[in-house]
$ cat model.pdb   # PDB, C-alpha atoms
ATOM      1  CA  MET A   1       9.099  13.550 -41.635  1.00  0.00           C
ATOM      2  CA  LYS A   2       6.178  12.946 -39.306  1.00  0.00           C
ATOM      3  CA  HIS A   3       6.349   9.677 -37.404  1.00  0.00           C
ATOM      4  CA  SER A   4       3.481   7.711 -35.944  1.00  0.00           C
ATOM      5  CA  LEU A   5       3.374   6.677 -32.293  1.00  0.00           C
ATOM      6  CA  LYS A   6       3.971   3.120 -33.492  1.00  0.00           C
ATOM      7  CA  ASP A   7       7.210   4.234 -35.221  1.00  0.00           C
ATOM      8  CA  TRP A   8       8.474   5.849 -32.015  1.00  0.00           C
ATOM      9  CA  ILE A   9       7.607   2.787 -29.955  1.00  0.00           C
ATOM     10  CA  ILE A  10       9.301   0.447 -32.447  1.00  0.00           C
ATOM     11  CA  ALA A  11      12.408   2.666 -32.289  1.00  0.00           C
ATOM     12  CA  THR A  12      12.776   1.777 -28.586  1.00  0.00           C
ATOM     13  CA  ARG A  13      12.814  -1.985 -29.388  1.00  0.00           C
ATOM     14  CA  PRO A  14       9.990  -2.889 -26.966  1.00  0.00           C
ATOM     15  CA  TRP A  15      10.383  -6.635 -27.519  1.00  0.00           C
ATOM     16  CA  SER A  16      13.483  -6.433 -25.317  1.00  0.00           C
ATOM     17  CA  PHE A  17      11.727  -4.883 -22.299  1.00  0.00           C
ATOM     18  CA  THR A  18      10.788  -8.196 -20.729  1.00  0.00           C
ATOM     19  CA  ALA A  19      14.465  -8.677 -19.897  1.00  0.00           C
ATOM     20  CA  SER A  20      14.223  -5.695 -17.547  1.00  0.00           C
ATOM     21  CA  ALA A  21      10.626  -5.919 -16.376  1.00  0.00           C
ATOM     22  CA  MET A  22      10.505  -9.624 -15.495  1.00  0.00           C
ATOM     23  CA  PRO A  23      13.029  -9.477 -12.614  1.00  0.00           C
ATOM     24  CA  VAL A  24      10.906  -6.797 -10.923  1.00  0.00           C
ATOM     25  CA  ILE A  25       7.669  -8.708 -11.509  1.00  0.00           C
ATOM     26  CA  VAL A  26       9.137 -12.036 -10.392  1.00  0.00           C
ATOM     27  CA  THR A  27      10.695 -10.457  -7.289  1.00  0.00           C
ATOM     28  CA  ALA A  28       7.381  -8.885  -6.277  1.00  0.00           C
ATOM     29  CA  ALA A  29       5.520 -12.141  -6.938  1.00  0.00           C
ATOM     30  CA  TRP A  30       8.063 -14.170  -4.962  1.00  0.00           C
ATOM     31  CA  MET A  31       7.830 -11.749  -2.046  1.00  0.00           C
ATOM     32  CA  ALA A  32       4.017 -11.938  -2.077  1.00  0.00           C
ATOM     33  CA  ALA A  33       4.087 -15.737  -2.290  1.00  0.00           C
ATOM     34  CA  ASN A  34       6.412 -15.862   0.721  1.00  0.00           C
ATOM     35  CA  ASP A  35       4.244 -13.571   2.862  1.00  0.00           C
ATOM     36  CA  ARG A  36       6.569 -10.601   2.535  1.00  0.00           C
ATOM     37  CA  ASP A  37       5.294  -7.060   2.638  1.00  0.00           C
ATOM     38  CA  VAL A  38       5.155  -5.930  -1.008  1.00  0.00           C
ATOM     39  CA  CYS A  39       4.619  -2.316  -1.931  1.00  0.00           C
ATOM     40  CA  TRP A  40       2.688  -2.820  -5.180  1.00  0.00           C
ATOM     41  CA  TRP A  41       2.579   0.802  -6.277  1.00  0.00           C
ATOM     42  CA  LEU A  42       6.336   1.067  -5.859  1.00  0.00           C
ATOM     43  CA  ALA A  43       6.792  -2.191  -7.773  1.00  0.00           C
ATOM     44  CA  ALA A  44       4.667  -0.747 -10.594  1.00  0.00           C
ATOM     45  CA  LEU A  45       6.712   2.477 -10.623  1.00  0.00           C
ATOM     46  CA  THR A  46       9.881   0.377 -10.702  1.00  0.00           C
ATOM     47  CA  VAL A  47       8.645  -1.562 -13.744  1.00  0.00           C
ATOM     48  CA  VAL A  48       7.789   1.656 -15.582  1.00  0.00           C
ATOM     49  CA  ASN A  49      11.116   3.239 -14.672  1.00  0.00           C
ATOM     50  CA  ILE A  50      13.203   0.212 -15.632  1.00  0.00           C
ATOM     51  CA  ILE A  51      11.435   0.147 -19.015  1.00  0.00           C
ATOM     52  CA  LEU A  52      12.207   3.846 -19.510  1.00  0.00           C
ATOM     53  CA  VAL A  53      15.867   3.196 -18.664  1.00  0.00           C
ATOM     54  CA  HIS A  54      15.953   0.203 -21.013  1.00  0.00           C
ATOM     55  CA  ALA A  55      14.336   2.178 -23.862  1.00  0.00           C
ATOM     56  CA  ALA A  56      16.777   5.038 -23.330  1.00  0.00           C
ATOM     57  CA  GLY A  57      19.686   2.599 -23.410  1.00  0.00           C
ATOM     58  CA  ASN A  58      18.425   0.939 -26.586  1.00  0.00           C
ATOM     59  CA  THR A  59      18.053   4.234 -28.441  1.00  0.00           C
ATOM     60  CA  TRP A  60      21.343   5.609 -27.106  1.00  0.00           C
ATOM     61  CA  SER A  61      23.096   2.465 -28.297  1.00  0.00           C
ATOM     62  CA  ASP A  62      21.442   2.714 -31.726  1.00  0.00           C
ATOM     63  CA  TYR A  63      22.522   6.338 -32.075  1.00  0.00           C
ATOM     64  CA  HIS A  64      26.140   5.704 -31.087  1.00  0.00           C
ATOM     65  CA  ASP A  65      26.427   2.513 -33.142  1.00  0.00           C
ATOM     66  CA  TYR A  66      25.282   4.461 -36.189  1.00  0.00           C
ATOM     67  CA  VAL A  67      27.538   7.461 -35.535  1.00  0.00           C
ATOM     68  CA  LYS A  68      30.580   5.202 -34.987  1.00  0.00           C
ATOM     69  CA  GLY A  69      29.831   3.209 -38.141  1.00  0.00           C
ATOM     70  CA  VAL A  70      28.999  -0.034 -36.365  1.00  0.00           C
ATOM     71  CA  ASP A  71      25.449  -0.059 -37.756  1.00  0.00           C
ATOM     72  CA  THR A  72      25.270   0.391 -41.516  1.00  0.00           C
ATOM     73  CA  ALA A  73      22.682  -0.555 -44.119  1.00  0.00           C
ATOM     74  CA  ASP A  74      24.338  -3.947 -44.640  1.00  0.00           C
ATOM     75  CA  THR A  75      24.788  -4.948 -40.990  1.00  0.00           C
ATOM     76  CA  TYR A  76      22.424  -6.910 -38.807  1.00  0.00           C
ATOM     77  CA  GLY A  77      21.017  -4.863 -35.965  1.00  0.00           C
ATOM     78  CA  ALA A  78      18.698  -1.967 -35.300  1.00  0.00           C
ATOM     79  CA  LYS A  79      17.476  -0.539 -38.588  1.00  0.00           C
ATOM     80  CA  THR A  80      15.650   2.580 -37.421  1.00  0.00           C
ATOM     81  CA  ILE A  81      18.412   4.915 -38.597  1.00  0.00           C
ATOM     82  CA  THR A  82      20.072   2.868 -41.347  1.00  0.00           C
ATOM     83  CA  THR A  83      16.784   2.419 -43.254  1.00  0.00           C
ATOM     84  CA  GLY A  84      16.028   6.128 -43.075  1.00  0.00           C
ATOM     85  CA  LEU A  85      12.943   5.717 -40.881  1.00  0.00           C
ATOM     86  CA  PHE A  86      14.553   8.129 -38.386  1.00  0.00           C
ATOM     87  CA  THR A  87      17.520  10.452 -38.541  1.00  0.00           C
ATOM     88  CA  ALA A  88      20.354   9.968 -36.082  1.00  0.00           C
ATOM     89  CA  ASN A  89      19.391  13.218 -34.330  1.00  0.00           C
ATOM     90  CA  GLU A  90      15.775  12.089 -33.917  1.00  0.00           C
ATOM     91  CA  ILE A  91      16.931   8.899 -32.186  1.00  0.00           C
ATOM     92  CA  ARG A  92      19.383  10.886 -30.036  1.00  0.00           C
ATOM     93  CA  HIS A  93      16.595  13.269 -28.994  1.00  0.00           C
ATOM     94  CA  LEU A  94      14.305  10.330 -28.209  1.00  0.00           C
ATOM     95  CA  SER A  95      17.025   8.851 -26.026  1.00  0.00           C
ATOM     96  CA  GLU A  96      17.542  12.160 -24.229  1.00  0.00           C
ATOM     97  CA  ILE A  97      13.801  12.482 -23.539  1.00  0.00           C
ATOM     98  CA  LEU A  98      13.614   8.913 -22.237  1.00  0.00           C
ATOM     99  CA  ASN A  99      16.688   9.491 -20.031  1.00  0.00           C
ATOM    100  CA  ILE A 100      15.216  12.691 -18.592  1.00  0.00           C
ATOM    101  CA  ALA A 101      11.913  10.915 -17.874  1.00  0.00           C
ATOM    102  CA  ALA A 102      13.726   7.993 -16.185  1.00  0.00           C
ATOM    103  CA  ILE A 103      15.884  10.319 -14.088  1.00  0.00           C
ATOM    104  CA  ALA A 104      12.849  12.385 -13.051  1.00  0.00           C
ATOM    105  CA  MET A 105      10.969   9.249 -12.044  1.00  0.00           C
ATOM    106  CA  GLY A 106      14.026   7.976 -10.173  1.00  0.00           C
ATOM    107  CA  ILE A 107      14.321  11.253  -8.271  1.00  0.00           C
ATOM    108  CA  ALA A 108      10.600  11.083  -7.415  1.00  0.00           C
ATOM    109  CA  MET A 109      11.031   7.520  -6.149  1.00  0.00           C
ATOM    110  CA  VAL A 110      13.988   8.577  -3.997  1.00  0.00           C
ATOM    111  CA  ALA A 111      11.992  11.528  -2.659  1.00  0.00           C
ATOM    112  CA  MET A 112       9.171   9.142  -1.725  1.00  0.00           C
ATOM    113  CA  THR A 113      11.276   6.354  -0.231  1.00  0.00           C
ATOM    114  CA  GLY A 114      14.471   7.961   1.044  1.00  0.00           C
ATOM    115  CA  LEU A 115      18.159   8.198   0.264  1.00  0.00           C
ATOM    116  CA  PRO A 116      19.070   4.497   0.599  1.00  0.00           C
ATOM    117  CA  LEU A 117      17.464   3.896  -2.806  1.00  0.00           C
ATOM    118  CA  LEU A 118      19.687   6.608  -4.305  1.00  0.00           C
ATOM    119  CA  TRP A 119      22.852   5.083  -2.835  1.00  0.00           C
ATOM    120  CA  ILE A 120      21.854   1.635  -4.070  1.00  0.00           C
ATOM    121  CA  GLY A 121      21.378   3.091  -7.547  1.00  0.00           C
ATOM    122  CA  TYR A 122      24.699   4.951  -7.428  1.00  0.00           C
ATOM    123  CA  SER A 123      26.608   1.881  -6.310  1.00  0.00           C
ATOM    124  CA  TYR A 124      24.951  -0.195  -9.042  1.00  0.00           C
ATOM    125  CA  HIS A 125      25.986   2.266 -11.748  1.00  0.00           C
ATOM    126  CA  PHE A 126      29.477   2.675 -10.319  1.00  0.00           C
ATOM    127  CA  MET A 127      29.970  -1.088 -10.385  1.00  0.00           C
ATOM    128  CA  LEU A 128      28.546  -1.365 -13.866  1.00  0.00           C
ATOM    129  CA  LEU A 129      30.532   1.463 -15.398  1.00  0.00           C
ATOM    130  CA  HIS A 130      33.844   1.431 -13.562  1.00  0.00           C
ATOM    131  CA  THR A 131      34.804  -2.102 -12.680  1.00  0.00           C
ATOM    132  CA  PRO A 132      35.016  -4.731 -15.435  1.00  0.00           C
ATOM    133  CA  TYR A 133      34.849  -7.627 -12.957  1.00  0.00           C
ATOM    134  CA  ALA A 134      31.687  -6.256 -11.408  1.00  0.00           C
ATOM    135  CA  ARG A 135      29.838  -6.452 -14.719  1.00  0.00           C
ATOM    136  CA  ASN A 136      29.660 -10.184 -14.064  1.00  0.00           C
ATOM    137  CA  VAL A 137      28.485  -9.621 -10.497  1.00  0.00           C
ATOM    138  CA  VAL A 138      25.869  -6.994 -11.391  1.00  0.00           C
ATOM    139  CA  HIS A 139      23.372  -9.682 -12.337  1.00  0.00           C
ATOM    140  CA  HIS A 140      23.193 -10.864  -8.706  1.00  0.00           C
ATOM    141  CA  TYR A 141      23.340  -7.335  -7.319  1.00  0.00           C
ATOM    142  CA  ARG A 142      20.370  -6.331  -9.487  1.00  0.00           C
ATOM    143  CA  HIS A 143      18.191  -8.852  -7.656  1.00  0.00           C
ATOM    144  CA  LEU A 144      19.168  -7.324  -4.312  1.00  0.00           C
ATOM    145  CA  VAL A 145      18.288  -3.862  -5.630  1.00  0.00           C
ATOM    146  CA  LEU A 146      14.946  -5.084  -6.942  1.00  0.00           C
ATOM    147  CA  GLY A 147      14.140  -6.764  -3.658  1.00  0.00           C
ATOM    148  CA  LEU A 148      14.940  -3.637  -1.699  1.00  0.00           C
ATOM    149  CA  THR A 149      13.011  -1.451  -4.130  1.00  0.00           C
ATOM    150  CA  VAL A 150       9.732  -3.351  -4.015  1.00  0.00           C
ATOM    151  CA  ASP A 151      10.113  -4.311  -0.355  1.00  0.00           C
ATOM    152  CA  GLY A 152       7.495  -2.909   1.951  1.00  0.00           C
ATOM    153  CA  THR A 153      10.226  -1.029   3.840  1.00  0.00           C
ATOM    154  CA  ALA A 154      10.287   1.625   1.146  1.00  0.00           C
ATOM    155  CA  CYS A 155       6.510   1.800   1.199  1.00  0.00           C
ATOM    156  CA  ARG A 156       6.453   2.179   4.985  1.00  0.00           C
ATOM    157  CA  THR A 157       9.074   4.944   4.747  1.00  0.00           C
ATOM    158  CA  TYR A 158       6.873   6.792   2.276  1.00  0.00           C
ATOM    159  CA  HIS A 159       3.787   6.461   4.457  1.00  0.00           C
ATOM    160  CA  ARG A 160       5.707   7.649   7.551  1.00  0.00           C
ATOM    161  CA  ARG A 161       6.643  10.793   5.649  1.00  0.00           C
ATOM    162  CA  HIS A 162       3.148  11.236   4.152  1.00  0.00           C
ATOM    163  CA  PRO A 163       0.705   9.862   6.763  1.00  0.00           C
ATOM    164  CA  ALA A 164      -2.353  11.392   5.048  1.00  0.00           C
ATOM    165  CA  LEU A 165      -1.877   9.150   2.003  1.00  0.00           C
TER
END

$ encode --input "model.pdb" --output "structure tokens"
Amino acid sequence: MKHSLKDWIIATRPWSFTASAMPVIVTAAWMAANDRDVCWWLAALTVVNIILVHAAGNTWSDYHDYVKGVDTADTYGAKTITTGLFTANEIRHLSEILNIAAIAMGIAMVAMTGLPLLWIGYSYHFMLLHTPYARNVVHHYRHLVLGLTVDGTACRTYHRRHPAL
């Protein structure tokens, strides 16, 4: 079955993206309002990347909920698979593509700004995935990560490495 672009976008549940994008936008705005050095292009890349990660997570969750029997035709939740709009494999492939795009963008951001961003990302995921207590703390940690990501320090690091740009 051929799907429209609108179908693919709806499958990612875009109405939920503000939950991920707003902390980046608010952090950048707060930094600008408080005369901090904001790297706007890096903030924009961060917004795009966090939306890719969020979309990948939404579709991955939909796929696994369907495969495990959590989402069925009579349950409330994502209906992209249960209504037959997409097959489970189509949603899984969409999630894989979104994950690959997010990882590639993350690697590019680390290459531009330096390894501290990578270690911040690793520690975030370690806390999120491996320590149940930290799941409650991650909310506050995320704001630190966002601040460091859009901070002008990363931008200055990039320009030191690429002075012609």

$ axis_aligned_box --input "model.pdb" --around "segment 76-88 of chain A" --padding-each-side "6 Å" --output "AutoDock Vina command-line options"
--center_x 17.7 --center_y 1.8 --center_z -39.3 --size_x 21.5 --size_y 29.4 --size_z 20.0

$ resolve_selection --input "model.pdb" --expression "the PyMOL selection byres ((chain A and resi 93) around 12)" --output "list in words"
Trp8, Ala11, Ala56, Thr59, Trp60, Asp62, Tyr63, Phe86, Thr87, Ala88, Asn89, Glu90, Ile91, Arg92, Leu94, Ser95, Glu96, Ile97, Leu98, Asn99 and Ile100 of chain A

$ closest_residue --input "model.pdb" --among "A:Ala43, A:Leu85, A:Ile51, A:Leu5" --to "Met109 of chain A" --atoms "only C-alpha atoms"
A:Ala43

$ closest_residue --input "model.pdb" --among "A:Asp71, A:Asn34, A:Thr18, A:Ala102" --to "Asn49 of chain A" --atoms "only C-alpha atoms"
A:Ala102

$ closest_residue --input "model.pdb" --among "A:Ala101, A:Trp41, A:Thr113, A:Thr80" --to "His3 of chain A" --atoms "all atoms listed in the file"
A:Thr80

$ atom_distance --input "model.pdb" --atom1 "atom CA of Asp35 of chain A" --atom2 "atom CA of Ala21 of chain A"
21.7 Å

$ resolve_selection --input "model.pdb" --expression "the PyMOL selection byres ((chain A and resi 20) around 8)" --output "PDB file with C-alpha atoms, in the coordinates of the input"
ATOM      1  CA  SER A  16      13.483  -6.433 -25.317  1.00  0.00           C
ATOM      2  CA  PHE A  17      11.727  -4.883 -22.299  1.00  0.00           C
ATOM      3  CA  THR A  18      10.788  -8.196 -20.729  1.00  0.00           C
ATOM      4  CA  ALA A  19      14.465  -8.677 -19.897  1.00  0.00           C
ATOM      5  CA  ALA A  21      10.626  -5.919 -16.376  1.00  0.00           C
ATOM      6  CA  MET A  22      10.505  -9.624 -15.495  1.00  0.00           C
ATOM      7  CA  PRO A  23      13.029  -9.477 -12.614  1.00  0.00           C
ATOM      8  CA  VAL A  24      10.906  -6.797 -10.923  1.00  0.00           C
ATOM      9  CA  VAL A  47       8.645  -1.562 -13.744  1.00  0.00           C
ATOM     10  CA  ILE A  50      13.203   0.212 -15.632  1.00  0.00           C
ATOM     11  CA  ILE A  51      11.435   0.147 -19.015  1.00  0.00           C
ATOM     12  CA  HIS A  54      15.953   0.203 -21.013  1.00  0.00           C
TER      13      HIS A  54
END

$ atom_distance --input "model.pdb" --atom1 "atom CA of Gly77 of chain A" --atom2 "atom CA of Asn58 of chain A"
11.3 Å

$ closest_residue --input "model.pdb" --among "A:Val70, A:Ala78, A:Ala32, A:Val38" --to "Thr12 of chain A" --atoms "all atoms listed in the file"
A:Ala78

$ atom_distance --input "model.pdb" --atom1 "atom CA of Leu115 of chain A" --atom2 "atom CA of Gly57 of chain A"
24.4 Å

$ closest_residue --input "model.pdb" --among "A:Thr46, A:Thr27, A:Thr82, A:Ser4" --to "Gly69 of chain A" --atoms "all atoms listed in the file"
A:Thr82

$ decode --input "model.pdb" --residues "segment 78-118 of chain A" --atoms "N, CA and C atoms" --output "compact mmCIF listing (two decimals), in the first residue's frame"
# COMPACT_ATOMS: atom_id res chain seq x y z
N ALA A 78 -2.15 4.46 20.05
CA ALA A 78 -1.80 4.69 18.65
C ALA A 78 -2.53 3.68 17.77
N LYS A 79 -3.12 4.17 16.72
CA LYS A 79 -3.95 3.31 15.85
C LYS A 79 -3.33 3.07 14.49
N THR A 80 -2.10 3.48 14.28
CA THR A 80 -1.52 3.36 12.94
C THR A 80 -1.40 1.91 12.48
N ILE A 81 -1.12 1.01 13.39
CA ILE A 81 -0.99 -0.40 13.01
C ILE A 81 -2.32 -1.12 13.19
N THR A 82 -2.99 -0.87 14.32
CA THR A 82 -4.21 -1.63 14.64
C THR A 82 -5.36 -1.35 13.66
N THR A 83 -5.36 -0.19 13.01
CA THR A 83 -6.41 0.11 12.02
C THR A 83 -6.04 -0.38 10.63
N GLY A 84 -4.82 -0.86 10.47
CA GLY A 84 -4.39 -1.36 9.17
C GLY A 84 -3.80 -0.28 8.27
N LEU A 85 -3.68 0.94 8.76
CA LEU A 85 -3.08 2.00 7.95
C LEU A 85 -1.64 1.63 7.57
N PHE A 86 -0.90 1.08 8.53
CA PHE A 86 0.47 0.61 8.31
C PHE A 86 0.60 -0.81 8.83
N THR A 87 1.54 -1.56 8.28
CA THR A 87 1.87 -2.85 8.86
C THR A 87 2.88 -2.62 9.98
N ALA A 88 3.02 -3.61 10.84
CA ALA A 88 3.99 -3.50 11.92
C ALA A 88 5.40 -3.31 11.37
N ASN A 89 5.74 -4.01 10.29
CA ASN A 89 7.08 -3.88 9.71
C ASN A 89 7.31 -2.49 9.12
N GLU A 90 6.29 -1.88 8.55
CA GLU A 90 6.45 -0.52 8.02
C GLU A 90 6.77 0.46 9.15
N ILE A 91 6.09 0.33 10.27
CA ILE A 91 6.36 1.21 11.42
C ILE A 91 7.74 0.92 11.99
N ARG A 92 8.13 -0.35 12.05
CA ARG A 92 9.48 -0.69 12.53
C ARG A 92 10.54 -0.09 11.62
N HIS A 93 10.34 -0.18 10.32
CA HIS A 93 11.31 0.39 9.38
C HIS A 93 11.36 1.91 9.50
N LEU A 94 10.21 2.55 9.68
CA LEU A 94 10.19 4.00 9.90
C LEU A 94 11.00 4.35 11.14
N SER A 95 10.80 3.60 12.20
CA SER A 95 11.54 3.86 13.43
C SER A 95 13.05 3.69 13.22
N GLU A 96 13.43 2.66 12.50
CA GLU A 96 14.85 2.43 12.23
C GLU A 96 15.45 3.58 11.43
N ILE A 97 14.73 4.07 10.43
CA ILE A 97 15.21 5.18 9.62
C ILE A 97 15.35 6.44 10.47
N LEU A 98 14.35 6.71 11.30
CA LEU A 98 14.41 7.88 12.18
C LEU A 98 15.57 7.77 13.18
N ASN A 99 15.79 6.56 13.72
CA ASN A 99 16.90 6.36 14.65
C ASN A 99 18.24 6.58 13.96
N ILE A 100 18.39 6.05 12.76
CA ILE A 100 19.65 6.23 12.02
C ILE A 100 19.88 7.71 11.73
N ALA A 101 18.83 8.42 11.33
CA ALA A 101 18.97 9.87 11.06
C ALA A 101 19.36 10.62 12.33
N ALA A 102 18.73 10.28 13.46
CA ALA A 102 19.05 10.96 14.73
C ALA A 102 20.48 10.66 15.17
N ILE A 103 20.90 9.42 15.03
CA ILE A 103 22.27 9.05 15.41
C ILE A 103 23.28 9.77 14.50
N ALA A 104 23.01 9.80 13.21
CA ALA A 104 23.91 10.49 12.27
C ALA A 104 24.02 11.97 12.62
N MET A 105 22.88 12.60 12.92
CA MET A 105 22.92 14.01 13.28
C MET A 105 23.65 14.20 14.60
N GLY A 106 23.44 13.30 15.55
CA GLY A 106 24.15 13.38 16.82
C GLY A 106 25.65 13.26 16.64
N ILE A 107 26.08 12.34 15.80
CA ILE A 107 27.51 12.17 15.52
C ILE A 107 28.06 13.44 14.86
N ALA A 108 27.30 14.02 13.93
CA ALA A 108 27.75 15.26 13.28
C ALA A 108 27.87 16.38 14.31
N MET A 109 26.93 16.46 15.24
CA MET A 109 26.99 17.50 16.26
C MET A 109 28.20 17.31 17.17
N VAL A 110 28.49 16.05 17.51
CA VAL A 110 29.67 15.77 18.33
C VAL A 110 30.94 16.11 17.56
N ALA A 111 30.97 15.78 16.27
CA ALA A 111 32.14 16.11 15.46
C ALA A 111 32.36 17.62 15.39
N MET A 112 31.27 18.38 15.38
CA MET A 112 31.38 19.84 15.30
C MET A 112 31.73 20.48 16.64
N THR A 113 31.26 19.89 17.73
CA THR A 113 31.40 20.57 19.02
C THR A 113 32.39 19.91 19.97
N GLY A 114 32.69 18.65 19.78
CA GLY A 114 33.66 17.97 20.63
C GLY A 114 33.05 16.87 21.47
N LEU A 115 33.92 16.08 22.07
CA LEU A 115 33.51 14.90 22.83
C LEU A 115 32.68 15.16 24.09
N PRO A 116 32.79 16.29 24.75
CA PRO A 116 31.94 16.48 25.94
C PRO A 116 30.46 16.28 25.66
N LEU A 117 29.99 16.67 24.48
CA LEU A 117 28.59 16.46 24.14
C LEU A 117 28.26 14.97 24.08
N LEU A 118 29.18 14.17 23.56
CA LEU A 118 28.98 12.72 23.50
C LEU A 118 28.89 12.13 24.90
